[in-house]
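Visitor: One file is attached below, coords-v7.cif, containing mmCIF, C-alpha atoms, pLDDT in the B column; chains and numbers go by the auth columns.
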```
data_structure
loop_
_atom_site.group_PDB
_atom_site.id
_atom_site.type_symbol
_atom_site.label_atom_id
_atom_site.label_comp_id
_atom_site.label_asym_id
_atom_site.label_seq_id
_atom_site.Cartn_x
_atom_site.Cartn_y
_atom_site.Cartn_z
_atom_site.B_iso_or_equiv
_atom_site.auth_seq_id
_atom_site.auth_asym_id
ATOM 1 C CA MET A 1 -24.282 70.647 -19.432 76.00 1446 X
ATOM 2 C CA LYS A 2 -22.718 67.403 -18.238 82.00 1447 X
ATOM 3 C CA GLU A 3 -18.972 67.313 -17.567 86.00 1448 X
ATOM 4 C CA LYS A 4 -16.894 64.724 -19.411 84.00 1449 X
ATOM 5 C CA LYS A 5 -15.844 61.784 -17.274 87.00 1450 X
ATOM 6 C CA GLN A 6 -12.089 61.508 -16.666 88.00 1451 X
ATOM 7 C CA ILE A 7 -10.585 58.311 -18.019 90.00 1452 X
ATOM 8 C CA LEU A 8 -7.920 57.029 -15.624 96.00 1453 X
ATOM 9 C CA ARG A 9 -5.303 54.355 -16.279 96.00 1454 X
ATOM 10 C CA THR A 10 -2.325 53.013 -14.316 97.00 1455 X
ATOM 11 C CA CYS A 11 1.279 53.214 -15.530 97.00 1456 X
ATOM 12 C CA VAL A 12 2.877 49.731 -15.513 96.00 1457 X
ATOM 13 C CA VAL A 13 6.205 51.097 -14.217 96.00 1458 X
ATOM 14 C CA SER A 14 5.402 53.850 -11.706 95.00 1459 X
ATOM 15 C CA LYS A 15 1.977 52.398 -10.713 96.00 1460 X
ATOM 16 C CA GLU A 16 0.728 55.989 -10.807 96.00 1461 X
ATOM 17 C CA VAL A 17 -2.910 56.551 -11.780 97.00 1462 X
ATOM 18 C CA CYS A 18 -3.078 59.228 -14.489 95.00 1463 X
ATOM 19 C CA GLU A 19 -5.479 60.502 -17.088 95.00 1464 X
ATOM 20 C CA LYS A 20 -5.353 58.510 -20.302 94.00 1465 X
ATOM 21 C CA LYS A 21 -4.072 61.537 -22.260 93.00 1466 X
ATOM 22 C CA ASP A 22 -0.951 61.651 -20.046 94.00 1467 X
ATOM 23 C CA LEU A 23 0.050 58.078 -20.931 96.00 1468 X
ATOM 24 C CA PHE A 24 1.340 56.166 -23.946 96.00 1469 X
ATOM 25 C CA ARG A 25 -0.524 52.978 -24.865 97.00 1470 X
ATOM 26 C CA ILE A 26 1.558 50.081 -26.141 97.00 1471 X
ATOM 27 C CA VAL A 27 -0.386 47.213 -27.707 97.00 1472 X
ATOM 28 C CA ARG A 28 0.274 43.569 -28.514 97.00 1473 X
ATOM 29 C CA THR A 29 -1.966 42.962 -31.511 96.00 1474 X
ATOM 30 C CA PRO A 30 -3.722 39.629 -32.161 95.00 1475 X
ATOM 31 C CA GLU A 31 -0.941 38.946 -34.718 96.00 1476 X
ATOM 32 C CA HIS A 32 1.606 39.201 -31.828 93.00 1477 X
ATOM 33 C CA THR A 33 3.248 42.400 -33.037 95.00 1478 X
ATOM 34 C CA ILE A 34 3.984 45.294 -30.679 96.00 1479 X
ATOM 35 C CA VAL A 35 2.853 48.796 -31.707 96.00 1480 X
ATOM 36 C CA VAL A 36 2.500 52.220 -30.104 97.00 1481 X
ATOM 37 C CA ASP A 37 -1.185 53.177 -30.122 96.00 1482 X
ATOM 38 C CA LEU A 38 -1.454 56.972 -30.168 94.00 1483 X
ATOM 39 C CA LYS A 39 -5.233 56.992 -30.691 93.00 1484 X
ATOM 40 C CA GLY A 40 -5.893 54.561 -27.832 89.00 1485 X
ATOM 41 C CA LYS A 41 -8.287 52.367 -29.805 91.00 1486 X
ATOM 42 C CA ALA A 42 -6.133 49.650 -31.378 94.00 1487 X
ATOM 43 C CA ASN A 43 -7.286 46.067 -30.986 96.00 1488 X
ATOM 44 C CA GLY A 44 -5.210 43.903 -28.658 95.00 1489 X
ATOM 45 C CA ARG A 45 -3.732 43.726 -25.169 96.00 1490 X
ATOM 46 C CA GLY A 46 -2.625 47.166 -23.993 96.00 1491 X
ATOM 47 C CA ALA A 47 -0.237 48.526 -21.395 97.00 1492 X
ATOM 48 C CA TYR A 48 0.236 52.143 -20.366 97.00 1493 X
ATOM 49 C CA LEU A 49 3.452 54.098 -19.761 97.00 1494 X
ATOM 50 C CA LYS A 50 3.628 57.600 -18.351 96.00 1495 X
ATOM 51 C CA LYS A 51 4.900 60.244 -20.806 96.00 1496 X
ATOM 52 C CA ASP A 52 8.180 60.654 -18.932 96.00 1497 X
ATOM 53 C CA LYS A 53 11.711 59.905 -20.150 96.00 1498 X
ATOM 54 C CA ASP A 54 12.776 58.318 -16.834 96.00 1499 X
ATOM 55 C CA VAL A 55 9.748 55.994 -16.817 97.00 1500 X
ATOM 56 C CA ILE A 56 10.398 54.846 -20.392 96.00 1501 X
ATOM 57 C CA LEU A 57 14.076 54.178 -19.682 97.00 1502 X
ATOM 58 C CA LEU A 58 13.168 52.253 -16.508 97.00 1503 X
ATOM 59 C CA ALA A 59 10.616 50.194 -18.461 97.00 1504 X
ATOM 60 C CA ARG A 60 13.350 49.265 -20.950 96.00 1505 X
ATOM 61 C CA LYS A 61 15.750 48.335 -18.144 96.00 1506 X
ATOM 62 C CA ASN A 62 13.405 46.192 -16.023 96.00 1507 X
ATOM 63 C CA LYS A 63 11.387 44.783 -18.985 95.00 1508 X
ATOM 64 C CA ALA A 64 8.029 45.764 -17.459 95.00 1509 X
ATOM 65 C CA LEU A 65 6.312 45.835 -20.867 96.00 1510 X
ATOM 66 C CA ASP A 66 7.680 42.389 -21.760 96.00 1511 X
ATOM 67 C CA ARG A 67 5.993 40.939 -18.676 95.00 1512 X
ATOM 68 C CA LYS A 68 2.737 42.849 -19.074 95.00 1513 X
ATOM 69 C CA LEU A 69 2.299 42.123 -22.792 96.00 1514 X
ATOM 70 C CA GLU A 70 3.759 38.593 -22.540 95.00 1515 X
ATOM 71 C CA GLU A 71 5.896 39.286 -25.622 95.00 1516 X
ATOM 72 C CA LYS A 72 9.438 40.588 -26.244 96.00 1517 X
ATOM 73 C CA VAL A 73 9.214 44.352 -26.837 96.00 1518 X
ATOM 74 C CA PRO A 74 11.839 45.523 -29.369 96.00 1519 X
ATOM 75 C CA ASP A 75 14.128 48.449 -28.524 95.00 1520 X
ATOM 76 C CA SER A 76 12.697 50.333 -31.505 96.00 1521 X
ATOM 77 C CA ILE A 77 9.423 50.764 -29.560 97.00 1522 X
ATOM 78 C CA TYR A 78 11.269 52.480 -26.682 96.00 1523 X
ATOM 79 C CA ASP A 79 13.161 54.661 -29.175 96.00 1524 X
ATOM 80 C CA GLU A 80 9.852 55.600 -30.815 96.00 1525 X
ATOM 81 C CA LEU A 81 8.359 56.558 -27.433 96.00 1526 X
ATOM 82 C CA LEU A 82 11.382 58.706 -26.583 96.00 1527 X
ATOM 83 C CA GLY A 83 11.064 60.371 -29.999 96.00 1528 X
ATOM 84 C CA TYR A 84 7.453 61.364 -29.255 95.00 1529 X
ATOM 85 C CA LEU A 85 8.604 63.182 -26.113 94.00 1530 X
ATOM 86 C CA GLU A 86 10.904 65.512 -28.070 86.00 1531 X
#
```
Do you think you could lay out the structure here as structure tokens?
Guide:
Amino acid sequence: MKEKKQILRTCVVSKEVCEKKDLFRIVRTPEHTIVVDLKGKANGRGAYLKKDKDVILLARKNKALDRKLEEKVPDSIYDELLGYLE
């Protein structure tokens, strides 16, 4: 039987290449809203963050997602991501 291919993505903060399941996907939808995409299939421009508290806090501080998604990311998104870690 064929093995499943690993899907790798790069974290926008740590630049670490990880499996997709180890990352959060944050999406700017065509309507210019920012959402957390837990399924990984939402339509729009996506950016990946490692599932790590320090990485999420650093992303908030240096506005890495704002630059990548070309849209202001509200603090509620970071709070939501931190909530998923607990």
Visitor: I need the residue set behind the PyMOL selection byres ((chain X and resi 1473-1486) around 9) for this file; please write it as a list in words.
Guide: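 When the PyMOL selection byres ((chain X and resi 1473-1486) around 9) is applied to the shown file, the picked residues are Lys1465, Phe1469, Arg1470, Ile1471, Val1472, Ala1487, Asn1488, Gly1489, Arg1490, Gly1491, Ala1492, Leu1514, Glu1515, Glu1516, Lys1517, Val1518, Pro1519, Ile1522, Glu1525 and Leu1526 of chain X.
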Visitor: Could you tell me how far CA of Val1458 in chain X sits from CA of Tyr1493 in chain X, in Å to one decimal place?
Guide: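 Pair CA of Tyr1493 in chain X / CA of Val1458 in chain X returns 8.6 Å.
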Visitor: Please write as number ranges by chain the full residue list that the PyMOL selection byres ((chain X and resi 1459) around 10) yields on this file.
Guide: X: 1455-1458, 1460-1462, 1494-1495, 1500, 1503-1504
Visitor: Please measure the separation of CA of Leu1530 in chain X and CA of Ile1452 in chain X, giving the value in Å to one decimal.
Guide: 21.4 Å
Visitor: When you draw a straight line from CA of Lys1513 in chain X to CA of Lys1450 in chain X, how long is it in Å?
Guide: 26.6 Å
